[in-house]
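Q: Can you read through this structure? Questions will come right after.
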Amino acid sequence: MDIEQRKRELVKEFSPMLRKTTTISKIWIGFLIAVIAVGFYALILQFTKGHIVTGMRDNVVWGIYIINFIFFVCLSYSGAFIAGILHFFKTPWKNSVSRIVEITTVLSIIIGPIFILLCIGRLDRLHYLFLYPRIQSPITWDIIAILTDLIGCFLYLYLTFIPDFSILRDNSDDAPKWRKKLYSILSFGYQDTTSQRERLNKITRIMSTMIIAMAIVTYSVLAWIFSLTVQPGWNSTIFAPYFIIAGLYSGVSVIIVAMYLIRKYYHLNHYIRKVHFVGAGIILLVISLLFGYFTFTEYFSRWFSHKTHDIELLETLFNRYFWEFIFANYIGVLVPIGILFFKKFRTIKSITFAAVIAILGLWFNRYLIVVPTLETPYIPIQDTRPEFIHYSSTWIEWALSFTGIAAFILFFMLIMKLVPIIPISGIIDQERKSKKIKPKIIL
Amino acid sequence: MSSITAVAGTSLVSNFALEEEKKTTGEKVRLLTPDGKIVEVEASNINKYPEAHITPAESRKGIPNRKFVMVIDLAKCKNARSCVESCQKAHDLDYNEEFIKIQLIQNNEESLPYWFPKPCFHCDEPPCVTVCPTGATFKRDDNIVLVDNERCIGCKFCVTSCPYSARIFNWGHKDKFENTNQPYSPETGIPATEGTIMKCDFCPDLLRQGKLPYCAKACPMGVIYFGDKNEDIVTNGEETVRFSELINDRGGYRHLEHLGTKPNVYYLPAVNRQFPLERGFNIDEDIIERYKNVPYVQDLKKRGKI
């Protein structure tokens, strides 16, 4: 079969996904927009009335916003890490999942930092960060890291899009005009000649190694926001590697859930197969073992050495936060291990279930890192106002958190309207390698 | 202007103690000016140099040749709360906003708890200053750590990094923020601003006038000594003592020394107490409630003493 013909065939196969919007996805889009609208209302309330509308007060000054921030940013870093690894080691089955990973990476690095902005009391003075920068502040490191990562991930995502844009440009005769024009601009004059292909491969490969390195640096900086302070529960030497593992844990899980949903709603059983779930499941198993190990060491050393302030923290964790602690650090680790360890349990549904548990467990794990530490400062809180003693998040904070998730899903759906979720160029490359199709001879 | 500041400056600490007398006596004092002349001035005039507005930029420099320290004598504190109230009034703070808090602290199960006035410790290695991304909080040469609320972006990182819970955030809007009676200066902290940080500032506006901070001046028991480490003198307004002798003779220590923040607030241990602990419970019901987690207070309540 000729390459050009195969390209046309693939575009034809994927074009319904790009151009037609099913009723289910219309309902979904409507629902997501509704959630975002509520979040927008909450945002206006927070802007006009100030941070008083949140549950944050002088002791717990960072609440679920910062937890969502760590969660999304970690998701992005792990996405970059996984995408880089998949590309760099030329993983054979990567084609079906690589785009899901890359989109996750870019979207979460856009959404994550919005949550840190919600923690800032004076957004009108945000430019002071650049007017009066102080390089010794870990926040400044974080800003540099996130901006670098954002640009790096965006470039990488774009590089992987170029061949597909070019294929879509050449094969969208019946598409609306704006779409054709868009593809023609975005494909950047790429013609899929041998020399162009080689150059693009080379650049993508370099970028893939760079984003792995960037991910490690940015992860560590994020962990240092906490571990460089003197607070019990935060001041830990293993926080940077712990955050890397935790990020991968949530990253792989989110990718599994995304694979499951995309496979189901877009009928891609042919492309996203069980082998992908089992592969991702085994990676998740390894990471959950590592994550469990890190969590155990972290708390075990605090408990065994029993310094006063560490013990106060542990007492808070095991009394006030008992069920959250059990869910985050026992159920959230042991259930995925239990499911993924045994071969007979490794079905698509159970692997997805394990991933959902892992995501929820990890979110609570982050919660237990942030909130109880702030509730047990070195000098005990002696206050009569309940909201100053214990943190409880308000509906505004929840509305904005769900808005983050809704925006993530909505943008994911919109990107899938622009490019096929399974890279066409990747399929072509694979088939070219396995000599299923004849290359067009270019003189 | 500068020479007057210098004149006032040379006698800064000795003024702390003299202040009350000077108003009445009208005696003359001989002082040495920076250019080497001896001048005679009315003692009551020494502090009355024109009240200058210290801009945010000027407030970053600090008062020359000073290293301010505070010493808190825990043996004398009976939780009279005059320091808290005087500070709140001067800094235009609400009922629950306290730059200096009085904690009830128990060192171990065997020892009796004691009242523990806790201002900002103005550390020499301040974690809050290190983490501030815009330089809104800064360390001055005279030991003071200040906040410039016109620079603060409200990221709250300083709150999470301070191990002494010294910082207060302005969560919502309050009418007092619109107070335009005086231009804002980081040295007074008035008016406060929504979405920014505030904390104990050691009252540098008073220090410039050679006066003691509000808390030290207000304390009826003379618990709070304030002074200059360079001169090795501290005073509580009644007695003036050598800082080094006070620390050495009375076993002065700094709270949570092991954190390495090097505070400039020292404590004298609560030994040979001048007042029984119960005397401190002669306060608002609402404030007693703060101490409900301390076993001693639970015991007092059980016996119906408070």
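We label chains A, B, ... in the order they appear in the structure tokens, count residues from 1 in each chain, and number ligands from 1 in the order shown.
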Write out as a list in words which residues come within 12 Å of region 34-37 of chain A when counting only C-alpha atoms, dropping same-chain ones fewer than 5 positions away.

A: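 Residues near the query, excluding close chain neighbours: Ile27, Trp28, Ile29, Ala42, Leu43, Ile44, Trp398, Ala399, Leu400, Ser401, Phe402, Thr403, Gly404, Ile405, Ala406, Ala407, Phe408, Ile409, Leu410 and Phe411 of chain A.
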
Q: Output C-alpha atoms for every residue in the selection just made, as an mmCIF file, in the first residue's frame.

A:
```cif
data_model
loop_
_atom_site.group_PDB
_atom_site.id
_atom_site.type_symbol
_atom_site.label_atom_id
_atom_site.label_comp_id
_atom_site.auth_asym_id
_atom_site.auth_seq_id
_atom_site.Cartn_x
_atom_site.Cartn_y
_atom_site.Cartn_z
ATOM 1 C CA ILE A 27 -23.820 16.954 27.255
ATOM 2 C CA TRP A 28 -20.357 16.602 28.751
ATOM 3 C CA ILE A 29 -19.189 19.912 27.334
ATOM 4 C CA ALA A 42 -16.640 31.737 43.147
ATOM 5 C CA LEU A 43 -13.588 33.436 41.686
ATOM 6 C CA ILE A 44 -15.409 36.766 41.459
ATOM 7 C CA TRP A 398 -14.173 23.332 46.218
ATOM 8 C CA ALA A 399 -15.916 25.087 43.346
ATOM 9 C CA LEU A 400 -12.593 26.394 42.089
ATOM 10 C CA SER A 401 -10.949 22.985 42.556
ATOM 11 C CA PHE A 402 -13.617 21.281 40.461
ATOM 12 C CA THR A 403 -13.290 24.059 37.929
ATOM 13 C CA GLY A 404 -9.644 23.067 37.560
ATOM 14 C CA ILE A 405 -10.628 19.457 36.873
ATOM 15 C CA ALA A 406 -13.455 20.520 34.531
ATOM 16 C CA ALA A 407 -11.146 22.838 32.610
ATOM 17 C CA PHE A 408 -8.634 19.995 32.294
ATOM 18 C CA ILE A 409 -11.233 17.640 30.798
ATOM 19 C CA LEU A 410 -12.766 20.334 28.582
ATOM 20 C CA PHE A 411 -9.447 21.405 27.101
#
```

Q: Neighbours of Ile168 (chain B) within 10 Å (only C-alpha atoms; same-chain residues fewer than 3 positions away dropped), as number ranges by chain?

A: A: 57-59, 61; B: 97-99, 156, 159, 165, 171, 196-200

Q: Sorted by chain and rising residue number, list the residues of chain B at most 8 Å from chain A (counting only C-alpha atoms), each with its closest atom pair and distance in Å to one decimal, as a tab-separated table.

A:
```
residue	atom	partner	partner_atom	distance
B:Gln103	CA	A:Gln382	CA	6.8
B:Pro127	CA	A:Thr229	CA	7.4
B:Thr130	CA	A:Ser137	CA	5.9
B:Val131	CA	A:Ser137	CA	4.2
B:Cys132	CA	A:Ser137	CA	5.8
B:Pro133	CA	A:Ser137	CA	5.2
B:Thr134	CA	A:Tyr132	CA	5.1
B:Gly135	CA	A:Arg134	CA	6.5
B:Arg151	CA	A:Tyr128	CA	7.4
B:Cys152	CA	A:Arg122	CA	7.7
B:Ile153	CA	A:Arg122	CA	4.9
B:Gly154	CA	A:Gly121	CA	4.2
B:Cys155	CA	A:Ile120	CA	4.6
B:Lys156	CA	A:Val61	CA	6.6
B:Val159	CA	A:Val61	CA	7.3
B:Thr160	CA	A:Leu374	CA	7.2
B:Ser161	CA	A:Thr229	CA	5.3
B:Pro163	CA	A:Tyr378	CA	5.9
B:Tyr164	CA	A:Ile379	CA	6.0
B:Ser165	CA	A:Ile379	CA	7.0
B:Arg167	CA	A:Asp58	CA	7.5
B:Ile168	CA	A:Asp58	CA	5.9
B:Phe169	CA	A:Asp58	CA	6.1
B:Trp171	CA	A:Ile52	CA	4.8
B:Gly172	CA	A:Ile52	CA	4.9
B:His173	CA	A:Gly50	CA	6.8
B:Glu194	CA	A:Gly50	CA	7.7
B:Gly195	CA	A:Gly121	CA	4.2
B:Thr196	CA	A:Gly121	CA	6.4
B:Leu259	CA	A:Val230	CA	7.2
B:Asp286	CA	A:Thr384	CA	7.0
B:Ile287	CA	A:Thr384	CA	7.3
B:Glu289	CA	A:Thr384	CA	6.2
B:Arg290	CA	A:Asp383	CA	4.7
B:Tyr291	CA	A:Gln382	CA	6.0
```

Q: Show me, as a ChimeraX atom specification, the residues that have an atom within 9 Å of region 338-341 of chain A when counting only C-alpha atoms, minus same-chain residues fewer than 3 positions from it.

A: /A:278,281-282,284-285,333-335,344-346,350-351,353-354

Q: I'd like the neighbourhood of Gly251 (chain B) as a PyMOL selection string, where a residue qualifies if any of its atoms comes within 12 Å (using only C-alpha atoms), though same-chain residues fewer than 4 positions away should be ignored.

A: chain B and resi 71-75+243-247+266-271

Q: Those residues with N, CA and C atoms, as an mmCIF file, in the first residue's frame please?

A:
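Result file result_14.cif:
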```
data_model
loop_
_atom_site.group_PDB
_atom_site.id
_atom_site.type_symbol
_atom_site.label_atom_id
_atom_site.label_comp_id
_atom_site.auth_asym_id
_atom_site.auth_seq_id
_atom_site.Cartn_x
_atom_site.Cartn_y
_atom_site.Cartn_z
ATOM 1 N N VAL B 71 14.626 41.519 76.188
ATOM 2 C CA VAL B 71 14.761 40.456 77.182
ATOM 3 C C VAL B 71 13.447 40.386 77.944
ATOM 4 N N ILE B 72 12.862 39.200 78.018
ATOM 5 C CA ILE B 72 11.568 39.051 78.680
ATOM 6 C C ILE B 72 11.760 38.206 79.938
ATOM 7 N N ASP B 73 11.426 38.801 81.075
ATOM 8 C CA ASP B 73 11.633 38.133 82.363
ATOM 9 C C ASP B 73 10.372 37.343 82.725
ATOM 10 N N LEU B 74 10.421 36.037 82.474
ATOM 11 C CA LEU B 74 9.225 35.215 82.661
ATOM 12 C C LEU B 74 8.821 35.102 84.130
ATOM 13 N N ALA B 75 9.773 35.352 85.042
ATOM 14 C CA ALA B 75 9.459 35.254 86.470
ATOM 15 C C ALA B 75 8.474 36.332 86.905
ATOM 16 N N PHE B 243 23.020 44.262 79.492
ATOM 17 C CA PHE B 243 22.407 43.127 78.820
ATOM 18 C C PHE B 243 23.181 41.839 79.096
ATOM 19 N N SER B 244 24.515 41.911 78.962
ATOM 20 C CA SER B 244 25.328 40.701 79.115
ATOM 21 C C SER B 244 25.230 40.150 80.535
ATOM 22 N N GLU B 245 25.217 41.061 81.513
ATOM 23 C CA GLU B 245 25.127 40.596 82.908
ATOM 24 C C GLU B 245 23.782 39.942 83.169
ATOM 25 N N LEU B 246 22.731 40.571 82.654
ATOM 26 C CA LEU B 246 21.385 40.042 82.854
ATOM 27 C C LEU B 246 21.289 38.618 82.295
ATOM 28 N N ILE B 247 21.816 38.449 81.089
ATOM 29 C CA ILE B 247 21.726 37.140 80.437
ATOM 30 C C ILE B 247 22.584 36.122 81.187
ATOM 31 N N TYR B 266 15.338 37.477 74.055
ATOM 32 C CA TYR B 266 15.865 36.527 75.039
ATOM 33 C C TYR B 266 14.850 36.371 76.154
ATOM 34 N N TYR B 267 14.875 35.217 76.809
ATOM 35 C CA TYR B 267 13.978 34.987 77.938
ATOM 36 C C TYR B 267 14.783 34.696 79.192
ATOM 37 N N LEU B 268 14.293 35.200 80.324
ATOM 38 C CA LEU B 268 14.853 34.809 81.617
ATOM 39 C C LEU B 268 13.891 33.788 82.196
ATOM 40 N N PRO B 269 14.385 32.621 82.627
ATOM 41 C CA PRO B 269 13.492 31.520 82.998
ATOM 42 C C PRO B 269 12.537 31.887 84.128
ATOM 43 N N ALA B 270 11.404 31.182 84.152
ATOM 44 C CA ALA B 270 10.357 31.465 85.142
ATOM 45 C C ALA B 270 10.708 30.810 86.474
ATOM 46 N N VAL B 271 11.784 31.301 87.110
ATOM 47 C CA VAL B 271 12.168 30.765 88.427
ATOM 48 C C VAL B 271 11.872 31.824 89.488
#
```

Q: Would you list the contacts of Phe121 (chain B) as a ChimeraX atom specification, taking every protein, DNA or RNA residue within 6 Å and counting only C-alpha atoms, but skipping same-chain residues closer than 2 positions in sequence?

A: /B:123,263-265

Q: When distances are computed from only C-alpha atoms, which of B:Asp299, B:Asp124, B:Asp205, B:Glu27 shows the smallest separation from Lys262 (chain B)?

A: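 Looking at the shortest contact to Lys262 (chain B), the residue is B:Asp124.
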
Q: Could you name the residues that touch Pro113 (chain A) at 10 Å or less, counting only C-alpha atoms, but leaving out those on the same chain fewer than 2 positions away, as a list of chain:residue names?

A: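 Once the nearby chain positions are removed, what remains is A:Tyr65, A:Ile66, A:Asn68, A:Phe69, A:Ile70, A:Phe72, A:Val73, A:Ser108, A:Ile109, A:Ile110, A:Ile111, A:Phe115, A:Ile116, A:Leu117, A:Leu118, A:Ile143, A:Ile146, A:Leu147.
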
Q: Save the residues we just selected, C-alpha atoms, as a short mmCIF file (atom, residue, chain, number, x, y, z; two decimals), in the first residue's frame?

A:
```cif
data_model
loop_
_atom_site.label_atom_id
_atom_site.label_comp_id
_atom_site.auth_asym_id
_atom_site.auth_seq_id
_atom_site.Cartn_x
_atom_site.Cartn_y
_atom_site.Cartn_z
CA TYR A 65 -5.49 25.39 46.49
CA ILE A 66 -1.87 24.55 47.16
CA ASN A 68 -4.31 21.11 43.83
CA PHE A 69 -1.30 23.11 42.72
CA ILE A 70 1.12 20.38 43.78
CA PHE A 72 -1.51 19.28 38.90
CA VAL A 73 2.09 20.40 38.64
CA SER A 108 -1.77 20.34 33.84
CA ILE A 109 1.18 22.74 33.71
CA ILE A 110 -1.27 25.41 32.55
CA ILE A 111 -3.95 24.64 35.14
CA PHE A 115 -4.13 27.38 41.78
CA ILE A 116 -1.04 29.02 43.23
CA LEU A 117 -2.33 32.33 41.93
CA LEU A 118 -5.51 31.73 43.93
CA ILE A 143 8.58 30.43 39.01
CA ILE A 146 7.54 26.29 36.01
CA LEU A 147 7.98 28.83 33.22
#
```
